[in-house]
>>> print(open('model.cif').read())   # mmCIF, C-alpha atoms and all ligand atoms
data_upload
loop_
_atom_site.label_atom_id
_atom_site.label_comp_id
_atom_site.auth_asym_id
_atom_site.auth_seq_id
_atom_site.Cartn_x
_atom_site.Cartn_y
_atom_site.Cartn_z
CA MET A 1 169.98 -92.56 5.72
CA SER A 2 173.39 -94.15 5.86
CA GLY A 3 175.69 -94.19 8.91
CA TYR A 4 178.86 -92.21 9.24
CA LYS A 5 181.08 -95.16 8.28
CA ASP A 6 179.22 -95.51 4.99
CA ILE A 7 179.52 -91.81 4.26
CA LEU A 8 183.25 -91.80 5.01
CA GLY A 9 183.81 -95.00 3.05
CA TRP A 10 181.97 -93.56 0.06
CA LEU A 11 183.97 -90.35 0.29
CA ALA A 12 187.21 -92.38 0.36
CA LEU A 13 186.19 -94.41 -2.70
CA HIS A 14 184.35 -91.90 -4.83
CA HIS A 15 185.54 -88.55 -3.47
CA GLU A 16 182.04 -87.29 -3.02
CA ALA A 17 179.31 -86.99 -0.45
CA THR A 18 176.08 -85.06 -0.53
CA HIS A 19 175.97 -81.67 1.12
CA SER A 20 173.54 -82.84 3.77
CA GLU A 21 175.67 -85.90 4.59
CA LEU A 22 178.74 -83.71 5.05
CA VAL A 23 176.88 -81.21 7.21
CA ARG A 24 175.47 -84.00 9.35
CA LEU A 25 178.86 -85.65 9.75
CA ILE A 26 180.62 -82.41 10.65
CA SER A 27 177.99 -81.22 13.08
CA SER A 28 177.64 -84.58 14.84
CA ALA A 29 181.34 -85.50 14.99
CA ASP A 30 182.55 -87.00 18.26
CA ALA A 31 185.73 -88.79 19.35
CA GLU A 32 184.65 -92.09 17.80
CA LYS A 33 183.78 -90.61 14.42
CA LEU A 34 186.96 -88.55 14.37
CA ASP A 35 189.00 -91.64 15.13
CA TYR A 36 187.38 -93.56 12.32
CA ALA A 37 187.80 -90.71 9.83
CA MET A 38 191.47 -90.31 10.78
CA GLY A 39 192.11 -94.02 10.35
CA LEU A 40 190.64 -94.06 6.86
CA ALA A 41 192.45 -90.84 5.89
CA ARG A 42 195.74 -92.25 7.11
CA GLU A 43 195.29 -95.35 4.96
CA VAL A 44 194.64 -93.21 1.91
CA ALA A 45 197.70 -91.05 2.60
CA VAL A 46 199.89 -94.11 3.07
CA ASP A 47 198.54 -95.69 -0.15
CA ASN A 48 199.61 -92.59 -2.07
CA TYR A 49 202.76 -91.40 -0.33
CA GLY A 50 203.82 -94.18 2.05
CA HIS A 51 204.93 -93.30 5.55
CA GLY A 52 206.99 -90.33 4.40
CA VAL A 53 206.37 -86.75 5.47
CA PHE A 54 207.75 -84.06 3.18
CA VAL A 55 209.72 -81.35 4.94
CA ARG A 56 209.77 -77.79 3.53
CA GLY A 57 211.87 -74.96 4.89
CA LEU A 58 209.62 -71.94 5.51
CA VAL A 59 211.13 -68.46 5.15
CA GLU A 60 208.85 -65.65 6.29
CA VAL A 61 210.29 -63.06 3.96
CA SER A 62 208.34 -60.00 5.13
CA ASN A 63 205.49 -59.05 7.43
CA ARG A 64 204.60 -55.89 5.52
CA CYS A 65 201.10 -56.20 4.12
CA ALA A 66 198.56 -54.13 2.23
CA GLY A 67 195.81 -56.57 3.16
CA GLY A 68 193.26 -56.00 5.87
CA CYS A 69 192.12 -59.53 6.84
CA TYR A 70 190.20 -59.10 10.11
CA TYR A 71 191.80 -62.23 11.60
CA CYS A 72 195.46 -61.59 10.77
CA GLY A 73 197.98 -59.73 12.92
CA LEU A 74 199.91 -58.58 9.85
CA ARG A 75 196.98 -56.55 8.45
CA ALA A 76 197.99 -53.09 7.25
CA GLU A 77 195.82 -51.42 9.89
CA ASN A 78 197.78 -53.00 12.75
CA SER A 79 200.29 -50.37 13.87
CA ARG A 80 201.51 -52.44 16.82
CA VAL A 81 203.55 -54.88 14.80
CA ARG A 82 207.20 -54.11 14.06
CA ARG A 83 207.56 -54.43 10.31
CA TYR A 84 210.50 -56.10 8.59
CA SER A 85 211.51 -57.31 5.15
CA LEU A 86 214.39 -59.69 4.60
CA SER A 87 217.01 -58.62 2.07
CA GLU A 88 217.67 -60.76 -1.01
CA GLU A 89 220.85 -61.87 0.68
CA GLU A 90 219.07 -62.90 3.88
CA ILE A 91 216.49 -64.96 1.96
CA ARG A 92 219.17 -66.74 -0.05
CA GLU A 93 221.30 -67.36 3.02
CA ALA A 94 218.35 -68.86 4.92
CA CYS A 95 217.62 -71.24 2.04
CA LYS A 96 221.28 -72.10 1.59
CA LYS A 97 221.55 -73.09 5.24
CA GLY A 98 218.45 -75.24 4.82
CA TYR A 99 219.97 -76.78 1.70
CA GLU A 100 223.09 -77.69 3.63
CA LEU A 101 220.90 -79.46 6.18
CA GLY A 102 219.44 -81.48 3.33
CA LEU A 103 216.22 -79.60 2.56
CA ARG A 104 215.18 -79.53 -1.11
CA SER A 105 211.94 -77.60 -0.83
CA PHE A 106 211.56 -73.99 0.25
CA VAL A 107 208.52 -71.83 0.85
CA LEU A 108 208.89 -68.06 0.73
CA GLN A 109 205.88 -66.56 2.47
CA GLY A 110 204.99 -63.00 3.31
CA GLY A 111 202.43 -60.26 3.44
CA GLU A 112 201.02 -58.74 0.31
CA VAL A 113 203.22 -56.03 -1.19
CA TYR A 114 203.33 -54.78 -4.73
CA ASP A 115 206.78 -53.24 -5.02
CA LYS A 116 208.89 -56.35 -4.66
CA ALA A 117 207.93 -58.27 -7.80
CA GLU A 118 211.28 -57.82 -9.56
CA MET A 119 213.24 -58.51 -6.42
CA MET A 120 211.35 -61.74 -5.73
CA ALA A 121 211.85 -62.81 -9.36
CA ARG A 122 215.58 -62.28 -8.90
CA VAL A 123 215.62 -64.26 -5.67
CA VAL A 124 213.74 -67.17 -7.29
CA ARG A 125 216.09 -67.15 -10.31
CA GLU A 126 219.14 -67.18 -8.08
CA LEU A 127 217.79 -69.93 -5.82
CA LYS A 128 216.93 -72.11 -8.80
CA ALA A 129 220.38 -71.51 -10.30
CA GLU A 130 222.20 -72.27 -7.06
CA MET A 131 220.11 -75.29 -6.10
CA PRO A 132 218.50 -76.69 -9.24
CA ASP A 133 217.29 -79.80 -7.46
CA ALA A 134 215.20 -77.81 -4.97
CA ALA A 135 211.57 -76.74 -5.37
CA VAL A 136 210.61 -73.13 -4.69
CA THR A 137 207.12 -72.29 -3.47
CA LEU A 138 205.86 -68.73 -3.14
CA SER A 139 203.08 -67.48 -0.88
CA LEU A 140 202.89 -63.74 -1.34
CA GLY A 141 199.20 -63.08 -1.53
CA GLU A 142 197.06 -61.66 -4.30
CA GLN A 143 198.95 -60.27 -7.29
CA ASP A 144 198.26 -59.42 -10.93
CA ALA A 145 198.53 -62.25 -13.43
CA GLU A 146 201.64 -60.53 -14.88
CA VAL A 147 203.41 -60.82 -11.54
CA TYR A 148 202.48 -64.48 -11.12
CA ASP A 149 203.75 -65.00 -14.67
CA LEU A 150 207.03 -63.20 -13.94
CA TRP A 151 207.65 -65.40 -10.88
CA ARG A 152 206.70 -68.55 -12.75
CA GLN A 153 209.12 -67.61 -15.57
CA ALA A 154 211.77 -67.08 -12.91
CA GLY A 155 211.33 -70.71 -11.94
CA ALA A 156 208.84 -70.82 -9.05
CA ASP A 157 207.25 -74.28 -8.93
CA ARG A 158 204.33 -73.80 -6.56
CA TYR A 159 202.14 -71.11 -5.04
CA LEU A 160 200.17 -71.17 -1.82
CA LEU A 161 197.13 -68.94 -1.69
CA ARG A 162 194.50 -70.17 0.71
CA HIS A 163 191.05 -69.38 -0.60
CA GLU A 164 190.17 -68.76 3.11
CA THR A 165 186.51 -69.72 2.69
CA ALA A 166 184.47 -71.18 -0.15
CA THR A 167 181.42 -69.17 0.87
CA LYS A 168 181.28 -65.73 -0.70
CA GLU A 169 179.16 -64.14 2.05
CA HIS A 170 181.48 -65.60 4.67
CA TYR A 171 184.51 -64.17 2.84
CA ALA A 172 182.92 -60.73 3.00
CA ARG A 173 182.59 -61.00 6.79
CA LEU A 174 186.26 -61.90 7.23
CA HIS A 175 187.69 -59.14 5.04
CA PRO A 176 187.27 -55.43 4.38
CA ALA A 177 185.48 -54.35 1.21
CA ARG A 178 188.75 -53.79 -0.67
CA MET A 179 189.35 -57.53 -0.59
CA THR A 180 186.93 -59.64 -2.57
CA PHE A 181 186.12 -63.30 -2.90
CA ASP A 182 186.11 -62.88 -6.67
CA ASN A 183 189.62 -61.49 -6.81
CA ARG A 184 190.92 -64.29 -4.59
CA GLN A 185 189.31 -66.80 -6.96
CA ARG A 186 190.71 -64.94 -9.97
CA CYS A 187 194.20 -65.28 -8.48
CA ILE A 188 193.79 -69.02 -7.95
CA ALA A 189 192.58 -69.44 -11.54
CA ASP A 190 195.55 -67.44 -12.88
CA LEU A 191 198.00 -69.51 -10.85
CA LYS A 192 196.49 -72.74 -12.16
CA ALA A 193 196.59 -71.50 -15.75
CA LEU A 194 200.28 -70.62 -15.38
CA GLY A 195 201.13 -74.20 -14.44
CA TYR A 196 201.94 -73.73 -10.77
CA GLN A 197 201.20 -76.51 -8.31
CA VAL A 198 198.56 -74.59 -6.43
CA GLY A 199 197.78 -74.60 -2.74
CA ALA A 200 194.35 -73.60 -1.44
CA GLY A 201 193.15 -73.80 2.14
CA PHE A 202 191.07 -72.43 4.95
CA MET A 203 190.91 -71.91 8.68
CA VAL A 204 188.71 -74.04 10.92
CA GLY A 205 186.62 -72.22 13.48
CA SER A 206 186.96 -68.79 11.93
CA PRO A 207 184.26 -66.34 13.03
CA PHE A 208 180.83 -66.90 11.42
CA GLN A 209 181.78 -70.37 10.18
CA GLY A 210 179.54 -73.35 10.87
CA ALA A 211 179.06 -76.89 9.59
CA GLU A 212 177.42 -75.57 6.40
CA GLU A 213 180.49 -73.56 5.52
CA LEU A 214 182.84 -76.43 6.42
CA ALA A 215 180.88 -78.83 4.21
CA ARG A 216 181.22 -76.36 1.36
CA GLU A 217 185.00 -76.38 1.86
CA VAL A 218 185.13 -80.07 0.99
CA GLU A 219 182.86 -79.57 -2.03
CA TYR A 220 184.88 -76.60 -3.22
CA LEU A 221 188.17 -78.50 -2.97
CA VAL A 222 186.78 -81.42 -4.97
CA GLY A 223 185.82 -78.97 -7.70
CA LEU A 224 189.11 -77.06 -7.64
CA GLN A 225 191.47 -80.06 -7.35
CA PRO A 226 194.38 -78.10 -5.87
CA GLN A 227 197.71 -79.88 -5.42
CA MET A 228 198.07 -78.61 -1.84
CA VAL A 229 195.63 -77.74 0.93
CA GLY A 230 196.57 -75.85 4.09
CA ILE A 231 194.14 -76.26 7.00
CA GLY A 232 194.65 -74.84 10.47
CA PRO A 233 192.52 -73.76 13.41
CA TYR A 234 191.66 -70.08 13.69
CA ILE A 235 193.71 -68.52 16.51
CA PRO A 236 192.87 -65.00 17.70
CA GLN A 237 195.48 -62.24 17.49
CA CYS A 238 194.90 -59.55 20.09
CA ASP A 239 195.51 -56.52 17.84
CA THR A 240 192.91 -57.49 15.23
CA PRO A 241 189.14 -56.85 15.04
CA PHE A 242 188.62 -60.56 15.79
CA GLY A 243 190.99 -60.54 18.76
CA ASP A 244 188.33 -61.65 21.23
CA GLN A 245 186.68 -64.31 19.07
CA LYS A 246 187.07 -67.88 20.19
CA ARG A 247 189.73 -70.13 18.72
CA GLY A 248 189.06 -73.02 16.37
CA SER A 249 188.97 -76.54 17.77
CA VAL A 250 191.86 -78.91 17.26
CA GLU A 251 189.51 -81.88 16.85
CA GLN A 252 187.43 -80.15 14.21
CA THR A 253 190.63 -79.21 12.37
CA LEU A 254 191.76 -82.85 12.44
CA LEU A 255 188.37 -83.91 11.08
CA MET A 256 188.66 -81.42 8.22
CA VAL A 257 192.19 -82.61 7.43
CA ALA A 258 190.87 -86.19 7.32
CA LEU A 259 187.88 -85.30 5.12
CA THR A 260 190.17 -83.38 2.78
CA ARG A 261 192.51 -86.37 2.50
CA LEU A 262 189.55 -88.62 1.64
CA ALA A 263 188.26 -86.14 -0.93
CA LEU A 264 191.69 -85.45 -2.48
CA PRO A 265 193.75 -88.64 -2.03
CA LYS A 266 196.91 -87.31 -3.68
CA ALA A 267 196.94 -83.81 -2.21
CA LEU A 268 199.93 -82.45 -0.32
CA ILE A 269 198.46 -81.50 3.04
CA PRO A 270 200.62 -79.85 5.68
CA SER A 271 200.23 -80.46 9.36
CA THR A 272 200.17 -76.71 9.97
CA THR A 273 201.98 -74.49 12.42
CA ALA A 274 198.57 -73.32 13.69
CA LEU A 275 197.73 -76.91 14.59
CA ALA A 276 201.11 -77.39 16.29
CA SER A 277 200.61 -74.10 18.14
CA SER A 278 197.21 -75.24 19.48
CA ASP A 279 198.13 -78.67 20.80
CA LYS A 280 201.35 -80.22 22.09
CA GLN A 281 200.74 -83.24 19.85
CA GLY A 282 199.24 -81.14 17.05
CA MET A 283 201.97 -81.85 14.52
CA THR A 284 201.82 -85.63 14.84
CA ARG A 285 198.03 -85.66 15.20
CA GLY A 286 197.82 -83.84 11.87
CA ILE A 287 199.90 -86.56 10.23
CA LEU A 288 197.72 -89.23 11.81
CA ALA A 289 194.73 -87.43 10.27
CA GLY A 290 196.21 -87.75 6.78
CA ALA A 291 198.58 -84.78 6.46
CA ASN A 292 201.91 -85.52 4.76
CA VAL A 293 203.89 -82.27 4.84
CA VAL A 294 205.50 -80.15 7.56
CA MET A 295 206.98 -76.70 7.13
CA PRO A 296 209.54 -75.91 9.84
CA ASN A 297 210.55 -72.29 10.13
CA ILE A 298 214.00 -71.37 8.79
CA THR A 299 213.52 -67.58 9.00
CA PRO A 300 216.51 -65.86 10.67
CA GLN A 301 215.79 -66.05 14.39
CA GLN A 302 215.69 -62.29 15.05
CA TYR A 303 212.61 -61.79 12.83
CA ARG A 304 210.48 -64.73 13.90
CA ALA A 305 208.52 -63.09 16.69
CA ASP A 306 207.44 -60.30 14.34
CA TYR A 307 205.65 -62.63 11.91
CA ALA A 308 202.75 -62.55 14.35
CA ILE A 309 199.72 -63.64 12.31
CA TYR A 310 198.17 -65.01 15.53
CA ASP A 311 199.04 -65.12 19.24
CA GLY A 312 201.21 -67.92 20.60
CA LYS A 313 202.62 -68.94 17.22
CA LYS A 314 205.18 -71.68 17.45
CA SER A 315 208.38 -71.03 15.56
CA CYS A 316 210.86 -73.62 16.58
CA GLY A 317 212.52 -74.59 13.37
CA THR A 318 215.37 -76.40 11.77
CA GLU A 319 217.89 -73.62 12.05
CA ALA A 320 220.18 -76.20 13.54
CA GLY A 321 220.56 -79.84 12.58
CA GLU A 322 218.98 -80.66 15.95
CA GLY A 323 215.69 -79.20 14.80
CA LEU A 324 215.50 -81.63 11.92
CA GLN A 325 216.59 -84.52 14.10
CA ARG A 326 213.91 -83.71 16.66
CA LEU A 327 211.33 -83.65 13.89
CA ALA A 328 212.57 -86.96 12.52
CA SER A 329 212.34 -88.60 15.94
CA GLU A 330 208.80 -87.29 16.48
CA PHE A 331 207.83 -88.88 13.16
CA GLN A 332 209.57 -92.07 14.12
CA MET A 333 207.51 -92.40 17.26
CA ILE A 334 204.36 -92.68 15.15
CA GLY A 335 205.95 -94.86 12.46
CA TYR A 336 206.68 -92.18 9.88
CA GLU A 337 209.88 -90.70 8.44
CA ALA A 338 211.02 -87.31 7.23
CA VAL A 339 211.52 -86.99 3.47
CA LEU A 340 213.75 -84.12 2.39
CA SER A 341 213.28 -84.33 -1.40
CA ARG A 342 211.38 -81.76 -3.51
CA GLY A 343 208.16 -83.51 -2.58
CA ASP A 344 206.07 -82.84 -5.67
CA HIS A 345 202.40 -83.74 -5.99
CA ALA A 346 202.13 -87.30 -7.36
CA ASP A 347 200.87 -85.98 -10.73
CA PHE A 348 203.77 -83.51 -11.05
CA VAL A 349 206.71 -85.80 -10.28
CA LYS A 350 209.38 -85.14 -12.91
CA ARG A 351 210.68 -88.16 -14.71
N1 LIG B 401 199.77 -62.98 2.64
C1 LIG B 401 199.78 -64.36 2.23
C2 LIG B 401 200.15 -65.29 3.37
C3 LIG B 401 199.20 -65.21 4.51
S1 LIG B 401 199.62 -66.03 6.00
C4 LIG B 401 198.45 -64.70 1.63
O1 LIG B 401 197.57 -63.87 1.58
O2 LIG B 401 198.30 -65.82 1.16
C5 LIG B 401 199.07 -67.65 5.63
C6 LIG B 401 197.72 -68.07 6.18
O3 LIG B 401 197.65 -67.91 7.58
C7 LIG B 401 196.53 -67.29 5.70
O4 LIG B 401 196.16 -67.68 4.42
C8 LIG B 401 195.47 -67.59 6.76
O5 LIG B 401 194.61 -68.65 6.36
C9 LIG B 401 196.30 -68.02 7.97
N2 LIG B 401 196.02 -67.12 9.10
C10 LIG B 401 196.06 -65.78 9.14
N3 LIG B 401 195.66 -65.31 10.34
C11 LIG B 401 195.37 -66.40 11.08
C12 LIG B 401 194.88 -66.60 12.40
N4 LIG B 401 194.60 -65.56 13.19
N5 LIG B 401 194.68 -67.86 12.85
C13 LIG B 401 194.96 -68.91 12.05
N6 LIG B 401 195.40 -68.80 10.80
C14 LIG B 401 195.60 -67.56 10.30
#
>>> encode(input="model.cif", output="C-alpha cells")
Amino acid sequence: MSGYKDILGWLALHHEATHSELVRLISSADAEKLDYAMGLAREVAVDNYGHGVFVRGLVEVSNRCAGGCYYCGLRAENSRVRRYSLSEEEIREACKKGYELGLRSFVLQGGEVYDKAEMMARVVRELKAEMPDAAVTLSLGEQDAEVYDLWRQAGADRYLLRHETATKEHYARLHPARMTFDNRQRCIADLKALGYQVGAGFMVGSPFQGAEELAREVEYLVGLQPQMVGIGPYIPQCDTPFGDQKRGSVEQTLLMVALTRLALPKALIPSTTALASSDKQGMTRGILAGANVVMPNITPQQYRADYAIYDGKKSCGTEAGEGLQRLASEFQMIGYEAVLSRGDHADFVKR
C-alpha cells in the first residue's frame, strides 16, 4: 500500500488513482494531507494558468423553477420564496455595467423554466452583438436538445449543469422521481455534442454522501472531461426537505477541489459562492486549493436576496468598481491577480 503522497503524486502525473486509494484518502484526510494536496493542486493550476484568476459576472436571471431538488430553496414546491424574473432589458443592463467595469465573461443562471427559450436566445444574440469580445455562459437547468441548440446557435459559449452526483442511487435520494440521473446525463451529453464548453459539478457533504460517493466524483470527472467543474459545500435551506441536515465541511470541499485539479489539470474550477459563504477565507482558500475562477454577483441588488438556494448566501458583488478592487486586493494578498478576459478553457482558446 502506498502512502498518501504517492497517491496524490500519481494522481497529479497520471490523472488516475484506484477507487480504494481515493476512498482511503478521502476518509482519512486530516490537516496535513489537505495541506499537501492543496500545495500540489496549486502547482498544477499555476503550471496551466499562472497566478491569474478569471472573473465572471454572475447574473441570477430568475428564481422560478420547475425542479424539485430536495436541497434547493428555489424548488417549485417552496411557496415561501418570492419569485422574480429579470426582463431582457435588466439582464442586458446588468451585463453592460459589468462590461464597463472590464468584465468579459458573463454567466446567466436561473431556475428551470421552459417558456423562456426564445427570450433567452434573443438576450444571448444581443449580448454577443453588443460585446463580441465577451463570453456568455448559460446555466438554466435541464432542457431539450433543441433548446440547447437554439441557445448555442444564438452564440452561447458555455453551459454549466452540475451533474450533482455521479452515483445514480444517490441522485435518486436527492431528487423527486420526476428528475432522473439519466436525463441529467443526457443533457450533459447533448451540451457536449453541441460544442459548448461544459461545466459539471457537485456538492460536498450533501445528505447520504460518503467517501465512496466522493471518490466516484473524481472518477466520473476523469471520464467526462468537462471544461469546468463547480464544487461547493452543501448548505441547508430552511424551507426544503433537507433543511435540518448538516452542512458540508469546508475542509472536505477544499480537498475535493484539490483532487479535481489534480485529476483535470486544465479545468476551469470556480472558488464557489457556497465556499465563500461558509468560511471568511473561503474564496482565497479555494484558490489555494487549485481553483482559478470566481463569479461575483452582478444581479440587480433588489433581487439578490430572493435567489435563496441556501441560507446565508453571500452576494456581495462587483456592482461598483470597489467590488472588483476589493476582489483584486484579496487575490493580491495571496500572490494572485484578477484576469478579466473571456477566460476560455486552455483547449478552447481562440487564435
Ligand atoms: N437550475 C440550474 C442552476 C441551479 S443553482 C441547474 O439546475 O443547473 C446552481 C447549483 O447550486 C446547483 O447545481 C447545486 O449544485 C447548487 N445548490 C443548490 N442548492 C444548494 C444548497 N442547498 N447548498 C449548496 N449548493 C446548492
>>> atom_distance(input="model.cif", atom1="atom CA of A:Ser27", atom2="atom CA of A:Ala289")
18.1 Å
>>> closest_residue(input="model.cif", among="A:Asn292, A:Val23, A:Val349, A:Ala166", to="A:Asp47", atoms="only C-alpha atoms")
A:Asn292
>>> closest_residue(input="model.cif", among="A:Ala45, A:Val123, A:Val339, A:Leu259", to="A:Leu25", atoms="only C-alpha atoms")
A:Leu259
>>> residues_around(input="model.cif", residues="A:Gln197", least_positions_apart="4", cutoff="7 Å", atoms="all atoms listed in the file", output="PyMOL selection string")
chain A and resi 157-159+227
>>> residues_near_ligand(input="model.cif", ligand="ligand LIG 401 (chain B)", cutoff="6 Å", atoms="all atoms listed in the file", output="PDB file with C-alpha atoms, in the frame of the given file")
ATOM      1  CA  TYR A  71     191.800 -62.230  11.600  1.00  0.00           C
ATOM      2  CA  CYS A  72     195.460 -61.590  10.770  1.00  0.00           C
ATOM      3  CA  GLN A 109     205.880 -66.560   2.470  1.00  0.00           C
ATOM      4  CA  GLY A 110     204.990 -63.000   3.310  1.00  0.00           C
ATOM      5  CA  GLY A 111     202.430 -60.260   3.440  1.00  0.00           C
ATOM      6  CA  GLU A 112     201.020 -58.740   0.310  1.00  0.00           C
ATOM      7  CA  SER A 139     203.080 -67.480  -0.880  1.00  0.00           C
ATOM      8  CA  LEU A 140     202.890 -63.740  -1.340  1.00  0.00           C
ATOM      9  CA  GLY A 141     199.200 -63.080  -1.530  1.00  0.00           C
ATOM     10  CA  LEU A 161     197.130 -68.940  -1.690  1.00  0.00           C
ATOM     11  CA  ARG A 162     194.500 -70.170   0.710  1.00  0.00           C
ATOM     12  CA  GLU A 164     190.170 -68.760   3.110  1.00  0.00           C
ATOM     13  CA  PHE A 202     191.070 -72.430   4.950  1.00  0.00           C
ATOM     14  CA  MET A 203     190.910 -71.910   8.680  1.00  0.00           C
ATOM     15  CA  PRO A 233     192.520 -73.760  13.410  1.00  0.00           C
ATOM     16  CA  TYR A 234     191.660 -70.080  13.690  1.00  0.00           C
ATOM     17  CA  ILE A 235     193.710 -68.520  16.510  1.00  0.00           C
ATOM     18  CA  PRO A 236     192.870 -65.000  17.700  1.00  0.00           C
ATOM     19  CA  GLN A 237     195.480 -62.240  17.490  1.00  0.00           C
ATOM     20  CA  ALA A 274     198.570 -73.320  13.690  1.00  0.00           C
ATOM     21  CA  ILE A 309     199.720 -63.640  12.310  1.00  0.00           C
ATOM     22  CA  TYR A 310     198.170 -65.010  15.530  1.00  0.00           C
TER      23      TYR A 310
END
>>> residues_around(input="model.cif", residues="stretch 171-184 of chain A", least_positions_apart="4", cutoff="8 Å", atoms="only C-alpha atoms", output="ChimeraX atom specification")
/A:67-71,142,163-167,188,207-208
>>> closest_residue(input="model.cif", among="A:Tyr49, A:Tyr4, A:Trp151, A:Tyr99", to="A:Ile298", atoms="all atoms listed in the file")
A:Tyr99
>>> build_atoms(input="model.cif", residues="stretch 98-109 of chain A", atoms="N, CA and C atoms", output="compact mmCIF listing (two decimals), in the coordinates of the input")
# COMPACT_ATOMS: atom_id res chain seq x y z
N GLY A 98 219.39 -74.12 4.87
CA GLY A 98 218.45 -75.24 4.82
C GLY A 98 218.94 -76.31 3.85
N TYR A 99 219.46 -75.85 2.72
CA TYR A 99 219.97 -76.78 1.70
C TYR A 99 221.10 -77.63 2.27
N GLU A 100 221.96 -76.96 3.03
CA GLU A 100 223.09 -77.69 3.63
C GLU A 100 222.62 -78.74 4.64
N LEU A 101 221.47 -78.47 5.25
CA LEU A 101 220.90 -79.46 6.18
C LEU A 101 220.18 -80.58 5.44
N GLY A 102 220.06 -80.42 4.12
CA GLY A 102 219.44 -81.48 3.33
C GLY A 102 218.08 -81.13 2.73
N LEU A 103 217.54 -79.96 3.09
CA LEU A 103 216.22 -79.60 2.56
C LEU A 103 216.29 -79.33 1.06
N ARG A 104 215.23 -79.74 0.34
CA ARG A 104 215.18 -79.53 -1.11
C ARG A 104 213.85 -78.88 -1.51
N SER A 105 213.23 -78.24 -0.55
CA SER A 105 211.94 -77.60 -0.83
C SER A 105 211.82 -76.39 0.09
N PHE A 106 211.60 -75.23 -0.53
CA PHE A 106 211.56 -73.99 0.25
C PHE A 106 210.28 -73.23 -0.05
N VAL A 107 209.74 -72.64 0.99
CA VAL A 107 208.52 -71.83 0.85
C VAL A 107 208.85 -70.41 1.28
N LEU A 108 208.67 -69.46 0.38
CA LEU A 108 208.89 -68.06 0.73
C LEU A 108 207.53 -67.42 0.91
N GLN A 109 207.21 -67.09 2.17
CA GLN A 109 205.88 -66.56 2.47
C GLN A 109 205.99 -65.16 3.03
